[in-house]
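> Sharing query-v5.pdb, PDB, C-alpha atoms, pLDDT in the B column:
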ATOM      1  CA  MET A  25       0.000   0.000   0.000  1.00 87.00           C
ATOM      2  CA  ALA A  26       2.753   2.455   0.947  1.00 91.00           C
ATOM      3  CA  LEU A  27       4.621   1.956  -2.321  1.00 92.00           C
ATOM      4  CA  GLU A  28       1.443   2.182  -4.382  1.00 92.00           C
ATOM      5  CA  LEU A  29       0.469   5.454  -2.674  1.00 94.00           C
ATOM      6  CA  ALA A  30       3.992   6.878  -2.954  1.00 95.00           C
ATOM      7  CA  GLU A  31       3.962   6.295  -6.689  1.00 93.00           C
ATOM      8  CA  ALA A  32       0.378   7.461  -7.266  1.00 93.00           C
ATOM      9  CA  LEU A  33       0.779  10.631  -5.201  1.00 95.00           C
ATOM     10  CA  SER A  34       4.416  11.346  -6.198  1.00 94.00           C
ATOM     11  CA  LEU A  35       5.582  11.279  -2.581  1.00 96.00           C
ATOM     12  CA  ASN A  36       9.278  11.986  -1.960  1.00 95.00           C
ATOM     13  CA  GLU A  37       9.376   9.675   1.035  1.00 96.00           C
ATOM     14  CA  VAL A  38       7.130   7.602   3.256  1.00 97.00           C
ATOM     15  CA  ARG A  39       7.851   7.573   6.968  1.00 98.00           C
ATOM     16  CA  PHE A  40       6.630   4.731   9.124  1.00 96.00           C
ATOM     17  CA  ILE A  41       5.912   6.007  12.641  1.00 95.00           C
ATOM     18  CA  PRO A  42       5.246   3.294  15.231  1.00 90.00           C
ATOM     19  CA  SER A  43       2.992   4.452  18.047  1.00 86.00           C
ATOM     20  CA  ALA A  44       4.456   4.017  21.517  1.00 79.00           C
ATOM     21  CA  ASN A  45       1.257   4.476  23.523  1.00 76.00           C
ATOM     22  CA  PRO A  46      -1.812   4.552  21.282  1.00 73.00           C
ATOM     23  CA  PRO A  47      -4.612   6.270  23.251  1.00 73.00           C
ATOM     24  CA  HIS A  48      -7.460   4.525  21.349  1.00 70.00           C
ATOM     25  CA  LYS A  49      -6.191   0.970  21.566  1.00 70.00           C
ATOM     26  CA  ALA A  50      -5.124  -1.456  24.229  1.00 68.00           C
ATOM     27  CA  ALA A  51      -1.430  -1.256  25.009  1.00 67.00           C
ATOM     28  CA  PRO A  52       0.563  -3.263  22.449  1.00 69.00           C
ATOM     29  CA  THR A  53       1.692  -6.677  23.701  1.00 78.00           C
ATOM     30  CA  VAL A  54       5.056  -6.288  21.963  1.00 83.00           C
ATOM     31  CA  SER A  55       7.490  -3.581  23.077  1.00 86.00           C
ATOM     32  CA  ALA A  56       7.958  -0.434  21.054  1.00 84.00           C
ATOM     33  CA  ASP A  57      11.596  -1.377  20.421  1.00 89.00           C
ATOM     34  CA  HIS A  58      10.604  -4.718  18.889  1.00 92.00           C
ATOM     35  CA  ARG A  59       7.896  -3.084  16.764  1.00 90.00           C
ATOM     36  CA  ALA A  60      10.377  -0.466  15.516  1.00 93.00           C
ATOM     37  CA  GLN A  61      12.897  -3.182  14.649  1.00 94.00           C
ATOM     38  CA  MET A  62      10.248  -5.122  12.712  1.00 92.00           C
ATOM     39  CA  VAL A  63       9.326  -1.985  10.749  1.00 95.00           C
ATOM     40  CA  GLN A  64      12.986  -1.369   9.974  1.00 96.00           C
ATOM     41  CA  LEU A  65      13.417  -4.931   8.700  1.00 95.00           C
ATOM     42  CA  ALA A  66      10.263  -4.683   6.579  1.00 93.00           C
ATOM     43  CA  ILE A  67      11.255  -1.454   4.826  1.00 95.00           C
ATOM     44  CA  GLU A  68      15.053  -1.646   4.698  1.00 94.00           C
ATOM     45  CA  HIS A  69      15.331  -2.383   0.971  1.00 93.00           C
ATOM     46  CA  ASN A  70      13.188   0.499  -0.233  1.00 95.00           C
ATOM     47  CA  PRO A  71      15.049   3.843  -0.352  1.00 95.00           C
ATOM     48  CA  LEU A  72      11.707   5.695  -0.385  1.00 96.00           C
ATOM     49  CA  PHE A  73      10.806   4.340   3.070  1.00 97.00           C
ATOM     50  CA  SER A  74      12.187   5.313   6.467  1.00 97.00           C
ATOM     51  CA  LEU A  75      11.520   4.549  10.110  1.00 97.00           C
ATOM     52  CA  ASP A  76      10.609   7.600  12.180  1.00 97.00           C
ATOM     53  CA  SER A  77      10.821   6.783  15.865  1.00 94.00           C
ATOM     54  CA  ARG A  78       9.822  10.167  17.286  1.00 94.00           C
ATOM     55  CA  GLU A  79       6.751   8.763  19.073  1.00 92.00           C
ATOM     56  CA  LEU A  80       8.847   6.076  20.755  1.00 90.00           C
ATOM     57  CA  SER A  81      11.038   8.660  22.465  1.00 85.00           C
ATOM     58  CA  ARG A  82       8.115  10.757  23.712  1.00 87.00           C
ATOM     59  CA  ASN A  83       6.490  10.159  27.094  1.00 85.00           C
ATOM     60  CA  GLY A  84       2.747   9.817  27.517  1.00 84.00           C
ATOM     61  CA  ALA A  85       0.103   9.046  24.922  1.00 85.00           C
ATOM     62  CA  SER A  86       1.046   9.050  21.233  1.00 86.00           C
ATOM     63  CA  TYR A  87      -1.182  11.820  19.927  1.00 93.00           C
ATOM     64  CA  THR A  88      -1.160  12.411  16.177  1.00 95.00           C
ATOM     65  CA  ILE A  89      -1.374  16.178  16.626  1.00 97.00           C
ATOM     66  CA  ASP A  90       1.907  16.174  18.589  1.00 96.00           C
ATOM     67  CA  THR A  91       3.599  14.105  15.894  1.00 96.00           C
ATOM     68  CA  LEU A  92       2.352  16.393  13.131  1.00 98.00           C
ATOM     69  CA  MET A  93       3.486  19.503  15.002  1.00 97.00           C
ATOM     70  CA  SER A  94       6.915  17.919  15.466  1.00 97.00           C
ATOM     71  CA  LEU A  95       7.121  17.037  11.769  1.00 97.00           C
ATOM     72  CA  ARG A  96       6.105  20.593  10.812  1.00 97.00           C
ATOM     73  CA  ARG A  97       8.870  22.035  13.017  1.00 97.00           C
ATOM     74  CA  GLU A  98      11.343  19.698  11.325  1.00 97.00           C
ATOM     75  CA  LEU A  99      10.190  20.102   7.711  1.00 96.00           C
ATOM     76  CA  GLY A 100       8.994  23.702   7.702  1.00 97.00           C
ATOM     77  CA  ASP A 101       5.687  25.249   6.747  1.00 96.00           C
ATOM     78  CA  ASP A 102       6.014  24.910   2.966  1.00 96.00           C
ATOM     79  CA  VAL A 103       6.497  21.141   2.626  1.00 97.00           C
ATOM     80  CA  ALA A 104       3.359  19.204   1.711  1.00 97.00           C
ATOM     81  CA  LEU A 105       2.754  16.585   4.384  1.00 98.00           C
ATOM     82  CA  CYS A 106       0.323  13.678   3.859  1.00 98.00           C
ATOM     83  CA  TRP A 107      -0.952  11.594   6.775  1.00 98.00           C
ATOM     84  CA  ILE A 108      -2.049   8.199   5.465  1.00 96.00           C
ATOM     85  CA  MET A 109      -4.823   6.512   7.407  1.00 94.00           C
ATOM     86  CA  GLY A 110      -7.378   3.780   6.908  1.00 89.00           C
ATOM     87  CA  SER A 111     -10.926   4.875   6.259  1.00 89.00           C
ATOM     88  CA  ASP A 112     -11.925   2.783   9.282  1.00 87.00           C
ATOM     89  CA  ALA A 113      -9.770   5.022  11.499  1.00 90.00           C
ATOM     90  CA  PHE A 114     -11.315   8.120   9.927  1.00 94.00           C
ATOM     91  CA  THR A 115     -14.771   7.081  11.174  1.00 93.00           C
ATOM     92  CA  LYS A 116     -13.446   7.631  14.722  1.00 93.00           C
ATOM     93  CA  LEU A 117     -11.330  10.712  14.011  1.00 96.00           C
ATOM     94  CA  ASN A 118     -13.677  12.959  15.990  1.00 96.00           C
ATOM     95  CA  THR A 119     -12.633  11.082  19.156  1.00 95.00           C
ATOM     96  CA  TRP A 120      -8.934  11.890  18.643  1.00 95.00           C
ATOM     97  CA  HIS A 121      -7.115  14.503  20.710  1.00 95.00           C
ATOM     98  CA  ARG A 122      -7.362  17.948  19.002  1.00 97.00           C
ATOM     99  CA  TRP A 123      -8.649  16.325  15.818  1.00 97.00           C
ATOM    100  CA  GLN A 124     -10.032  19.604  14.470  1.00 97.00           C
ATOM    101  CA  GLU A 125      -6.450  20.906  14.137  1.00 98.00           C
ATOM    102  CA  LEU A 126      -4.965  18.014  12.131  1.00 98.00           C
ATOM    103  CA  LEU A 127      -5.600  19.585   8.716  1.00 98.00           C
ATOM    104  CA  ASN A 128      -3.671  22.682   9.793  1.00 98.00           C
ATOM    105  CA  PHE A 129      -0.536  20.524   9.649  1.00 98.00           C
ATOM    106  CA  CYS A 130      -1.161  17.920   6.931  1.00 98.00           C
ATOM    107  CA  HIS A 131      -3.344  16.505   4.211  1.00 98.00           C
ATOM    108  CA  ILE A 132      -5.196  13.323   5.138  1.00 98.00           C
ATOM    109  CA  ILE A 133      -5.038  10.472   2.648  1.00 97.00           C
ATOM    110  CA  LEU A 134      -7.773   7.911   3.249  1.00 96.00           C
ATOM    111  CA  VAL A 135      -7.370   4.348   2.048  1.00 92.00           C
ATOM    112  CA  GLN A 136     -10.003   1.677   2.295  1.00 79.00           C
ATOM    113  CA  ARG A 137      -9.096  -1.847   3.313  1.00 64.00           C
ATOM    114  CA  PRO A 138     -10.406  -4.655   1.117  1.00 59.00           C
ATOM    115  CA  ASN A 139     -13.868  -5.874   2.124  1.00 60.00           C
ATOM    116  CA  ASP A 140     -14.142  -3.011   4.623  1.00 58.00           C
ATOM    117  CA  LEU A 141     -17.677  -1.753   4.247  1.00 55.00           C
ATOM    118  CA  PRO A 142     -18.905   1.173   6.343  1.00 57.00           C
ATOM    119  CA  LYS A 143     -20.381  -0.197   9.558  1.00 61.00           C
ATOM    120  CA  GLN A 144     -21.991   3.021  10.696  1.00 66.00           C
ATOM    121  CA  ALA A 145     -22.911   6.433   9.398  1.00 82.00           C
ATOM    122  CA  LEU A 146     -20.171   9.017   9.558  1.00 90.00           C
ATOM    123  CA  HIS A 147     -20.464  11.455  12.482  1.00 94.00           C
ATOM    124  CA  THR A 148     -21.933  14.790  11.377  1.00 96.00           C
ATOM    125  CA  ALA A 149     -18.752  16.684  12.286  1.00 97.00           C
ATOM    126  CA  LEU A 150     -16.676  14.313  10.142  1.00 97.00           C
ATOM    127  CA  GLU A 151     -19.118  14.583   7.232  1.00 96.00           C
ATOM    128  CA  SER A 152     -18.738  18.351   7.411  1.00 97.00           C
ATOM    129  CA  LEU A 153     -14.955  18.079   7.578  1.00 97.00           C
ATOM    130  CA  LEU A 154     -14.898  15.739   4.593  1.00 96.00           C
ATOM    131  CA  HIS A 155     -17.177  17.957   2.490  1.00 97.00           C
ATOM    132  CA  ALA A 156     -15.234  21.105   3.345  1.00 97.00           C
ATOM    133  CA  HIS A 157     -11.768  19.677   2.606  1.00 98.00           C
ATOM    134  CA  TYR A 158     -12.212  16.875   0.081  1.00 98.00           C
ATOM    135  CA  THR A 159     -10.318  16.865  -3.208  1.00 97.00           C
ATOM    136  CA  GLU A 160     -10.152  14.285  -5.964  1.00 96.00           C
ATOM    137  CA  HIS A 161      -7.196  16.049  -7.582  1.00 96.00           C
ATOM    138  CA  THR A 162      -3.841  14.681  -6.437  1.00 95.00           C
ATOM    139  CA  GLU A 163      -2.055  17.778  -7.736  1.00 96.00           C
ATOM    140  CA  ASP A 164      -3.820  19.803  -4.990  1.00 97.00           C
ATOM    141  CA  LEU A 165      -1.747  17.874  -2.457  1.00 97.00           C
ATOM    142  CA  SER A 166       1.540  19.256  -3.770  1.00 95.00           C
ATOM    143  CA  GLN A 167       0.301  22.812  -4.344  1.00 96.00           C
ATOM    144  CA  GLN A 168      -0.594  23.360  -0.690  1.00 97.00           C
ATOM    145  CA  ALA A 169       1.239  22.141   2.438  1.00 97.00           C
ATOM    146  CA  ALA A 170      -1.882  20.997   4.306  1.00 98.00           C
ATOM    147  CA  GLY A 171      -5.652  21.164   4.432  1.00 98.00           C
ATOM    148  CA  TYR A 172      -7.039  18.568   2.010  1.00 98.00           C
ATOM    149  CA  ILE A 173      -8.611  15.155   2.439  1.00 98.00           C
ATOM    150  CA  HIS A 174      -8.111  12.754  -0.454  1.00 97.00           C
ATOM    151  CA  MET A 175      -9.465   9.231  -0.849  1.00 94.00           C
ATOM    152  CA  HIS A 176      -7.340   6.845  -2.808  1.00 91.00           C
ATOM    153  CA  ALA A 177      -8.301   3.395  -4.003  1.00 85.00           C
ATOM    154  CA  ILE A 178      -5.576   0.807  -3.521  1.00 82.00           C
ATOM    155  CA  THR A 179      -5.039  -2.659  -4.886  1.00 77.00           C
ATOM    156  CA  ALA A 180      -6.961  -5.121  -2.747  1.00 67.00           C
ATOM    157  CA  LEU A 181      -4.566  -7.084  -0.545  1.00 67.00           C
ATOM    158  CA  ASP A 182      -6.491  -8.526   2.360  1.00 68.00           C
ATOM    159  CA  ILE A 183      -3.684  -8.499   4.928  1.00 70.00           C
ATOM    160  CA  SER A 184      -4.260  -7.446   8.519  1.00 74.00           C
ATOM    161  CA  SER A 185      -2.125  -7.388  11.644  1.00 76.00           C
ATOM    162  CA  THR A 186      -4.886  -9.310  13.430  1.00 76.00           C
ATOM    163  CA  ALA A 187      -4.704 -12.156  10.897  1.00 78.00           C
ATOM    164  CA  ILE A 188      -0.909 -12.218  11.080  1.00 80.00           C
ATOM    165  CA  ARG A 189      -0.892 -12.400  14.907  1.00 77.00           C
ATOM    166  CA  SER A 190      -3.531 -15.113  14.743  1.00 82.00           C
ATOM    167  CA  ALA A 191      -1.347 -17.164  12.390  1.00 79.00           C
ATOM    168  CA  PHE A 192       1.555 -16.968  14.850  1.00 80.00           C
ATOM    169  CA  HIS A 193      -0.698 -17.980  17.755  1.00 81.00           C
ATOM    170  CA  GLN A 194      -1.824 -20.992  15.726  1.00 84.00           C
ATOM    171  CA  LYS A 195       1.829 -21.879  14.968  1.00 81.00           C
ATOM    172  CA  ARG A 196       1.392 -21.101  11.263  1.00 81.00           C
ATOM    173  CA  ALA A 197       3.915 -18.910   9.468  1.00 75.00           C
ATOM    174  CA  PRO A 198       2.267 -15.983   7.662  1.00 79.00           C
ATOM    175  CA  VAL A 199       4.415 -16.527   4.575  1.00 76.00           C
ATOM    176  CA  TYR A 200       3.766 -13.982   1.788  1.00 72.00           C
ATOM    177  CA  LEU A 201       1.865 -11.729   4.204  1.00 77.00           C
ATOM    178  CA  MET A 202       5.036 -10.056   5.472  1.00 81.00           C
ATOM    179  CA  PRO A 203       8.775 -10.071   4.734  1.00 83.00           C
ATOM    180  CA  ASP A 204      10.639 -13.254   5.704  1.00 86.00           C
ATOM    181  CA  ARG A 205      13.125 -11.228   7.775  1.00 88.00           C
ATOM    182  CA  VAL A 206      10.267  -9.971   9.961  1.00 88.00           C
ATOM    183  CA  ILE A 207       8.891 -13.505  10.373  1.00 84.00           C
ATOM    184  CA  ASP A 208      12.389 -14.672  11.408  1.00 86.00           C
ATOM    185  CA  TYR A 209      12.661 -11.789  13.907  1.00 89.00           C
ATOM    186  CA  ILE A 210       9.272 -12.604  15.457  1.00 85.00           C
ATOM    187  CA  ASN A 211      10.191 -16.275  15.784  1.00 84.00           C
ATOM    188  CA  LEU A 212      13.655 -15.486  17.195  1.00 87.00           C
ATOM    189  CA  HIS A 213      12.195 -13.269  19.924  1.00 89.00           C
ATOM    190  CA  HIS A 214       9.020 -15.358  20.493  1.00 85.00           C
ATOM    191  CA  LEU A 215       6.848 -12.261  20.108  1.00 87.00           C
ATOM    192  CA  TYR A 216       3.469 -13.712  19.183  1.00 79.00           C
ATOM    193  CA  GLY A 217       3.650 -17.369  20.175  1.00 68.00           C
TER
END
Written as structure tokens, that's how I'd like the structure from this file.


Amino acid sequence: MALELAEALSLNEVRFIPSANPPHKAAPTVSADHRAQMVQLAIEHNPLFSLDSRELSRNGASYTIDTLMSLRRELGDDVALCWIMGSDAFTKLNTWHRWQELLNFCHIILVQRPNDLPKQALHTALESLLHAHYTEHTEDLSQQAAGYIHMHAITALDISSTAIRSAFHQKRAPVYLMPDRVIDYINLHHLYG
């Protein structure tokens, strides 16, 4: 998905930012250091990809707004910044910390997972946000540093972290669902068994 979006949207780089303490999910069962190492192994052969560990070195909850503000300070106000998120996460965006400010710092790129049909109507505030900021034109994303929401269809690959963890719990290797080096790392450190 990341490579497909990078090519379609002409992104200069894609940063993978593991969350240390996600406020909307149960605490991860695998340490942040292990998760960062797995990301590094998964992306190491693509020069377009990089691991950004800024959330891992921050104390407290991993709020997206704090990460975006940090990226803005690093990159400056003129660089177009795209935050890629699943459309399923967008349906809960109005519960995120300072969610109304996110588009001041980035564009939001929504991708839909395969077979992921809307389970509920979109909250009124999110419908308004979507209507006010939506663009179908990818060139808008490079002409402005932030402020747009763009939906992008991706090739259907039905791969989920839940299914991968389940395969490990059932002592089945999730071959072809993730890089072999990551599978080897998980097995070496007994992370999901």

> Provide the CA of Ser190 (chain A) to CA of Ser74 (chain A) distance in Å, to one decimal place.

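These atoms are spaced 27.1 Å apart.
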
> For the structure provided, state which residues fall under the PyMOL selection byres ((chain A and resi 206-217) around 7), and present them as an MDAnalysis selection string.

chainID A and resid 54 62 65:66 189 192:193 202:205

> Using all atoms listed in the file, which residue out of A:Val135, A:Ala149, A:Ile183, A:Ser86 lies closest to Trp107 (chain A)?

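Nearest candidate to Trp107 (chain A) out of A:Val135, A:Ala149, A:Ile183, A:Ser86: A:Val135.
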
> Got a sec: who's within 10 Å of Glu28 (chain A), counting all atoms listed in the file, leaving out chain neighbours fewer than 5 positions off, as a VMD selection string?

chain A and resid 33 to 34 177 to 179

> Just C-alpha atoms for this one: save the residues we selected as a PDB file, in the coordinates of the input.


ATOM      1  CA  LEU A  33       0.779  10.631  -5.201  1.00 95.00           C
ATOM      2  CA  SER A  34       4.416  11.346  -6.198  1.00 94.00           C
ATOM      3  CA  ALA A 177      -8.301   3.395  -4.003  1.00 85.00           C
ATOM      4  CA  ILE A 178      -5.576   0.807  -3.521  1.00 82.00           C
ATOM      5  CA  THR A 179      -5.039  -2.659  -4.886  1.00 77.00           C
TER       6      THR A 179
END

> Mind telling me what the PyMOL selection byres ((chain A and resi 98-101) around 12) catches here, as a list in words?

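Given this file, the PyMOL selection byres ((chain A and resi 98-101) around 12) evaluates to Arg78, Thr91, Leu92, Met93, Ser94, Leu95, Arg96, Arg97, Asp102, Val103, Ala104, Leu105, Asn128, Phe129, Cys130, Gln168, Ala169 and Ala170 of chain A.
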
> Neighbouring residues of Ala60 (chain A) were defined as those with any atom within 10 Å, considering all atoms listed in the file; residues of the same chain fewer than 6 positions away were excluded. Please report them as a ChimeraX atom specification.

/A:40-44,66,75-77,80

> Restricting the calculation to only C-alpha atoms, which member of A:Ser166, A:Ser152, A:Thr115, A:Asn36 is positioned closest to His131 (chain A)?

A:Ser166

> With distances taken over only C-alpha atoms, which residue among A:Ala145, A:Met109, A:Leu27, A:Ala32 lies nearest Pro71 (chain A)?

A:Leu27

> In Å, rounded to a single decimal, give me how far CA of Leu201 (chain A) is from CA of Ala113 (chain A).

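Taking CA of Ala113 (chain A) and CA of Leu201 (chain A), their separation equals 21.7 Å.
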
> In Å to one decimal, how far is CA of Arg39 (chain A) from CA of Leu154 (chain A)?

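Spanning CA of Leu154 (chain A) to CA of Arg39 (chain A) is a straight-line distance of 24.3 Å.
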
> Nearest to Thr148 (chain A) among A:His48, A:Lys195, A:Lys116, A:His58, with distances taken over all atoms listed in the file: which residue is it?

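Selected residue with least distance to Thr148 (chain A): A:Lys116.
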
> Measuring atom to atom with only C-alpha atoms, identify which of A:Gly110, A:Gly84, A:Gly171, A:Pro198 is nearest to Ala26 (chain A).

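The answer is A:Gly110, which sits nearest to Ala26 (chain A).
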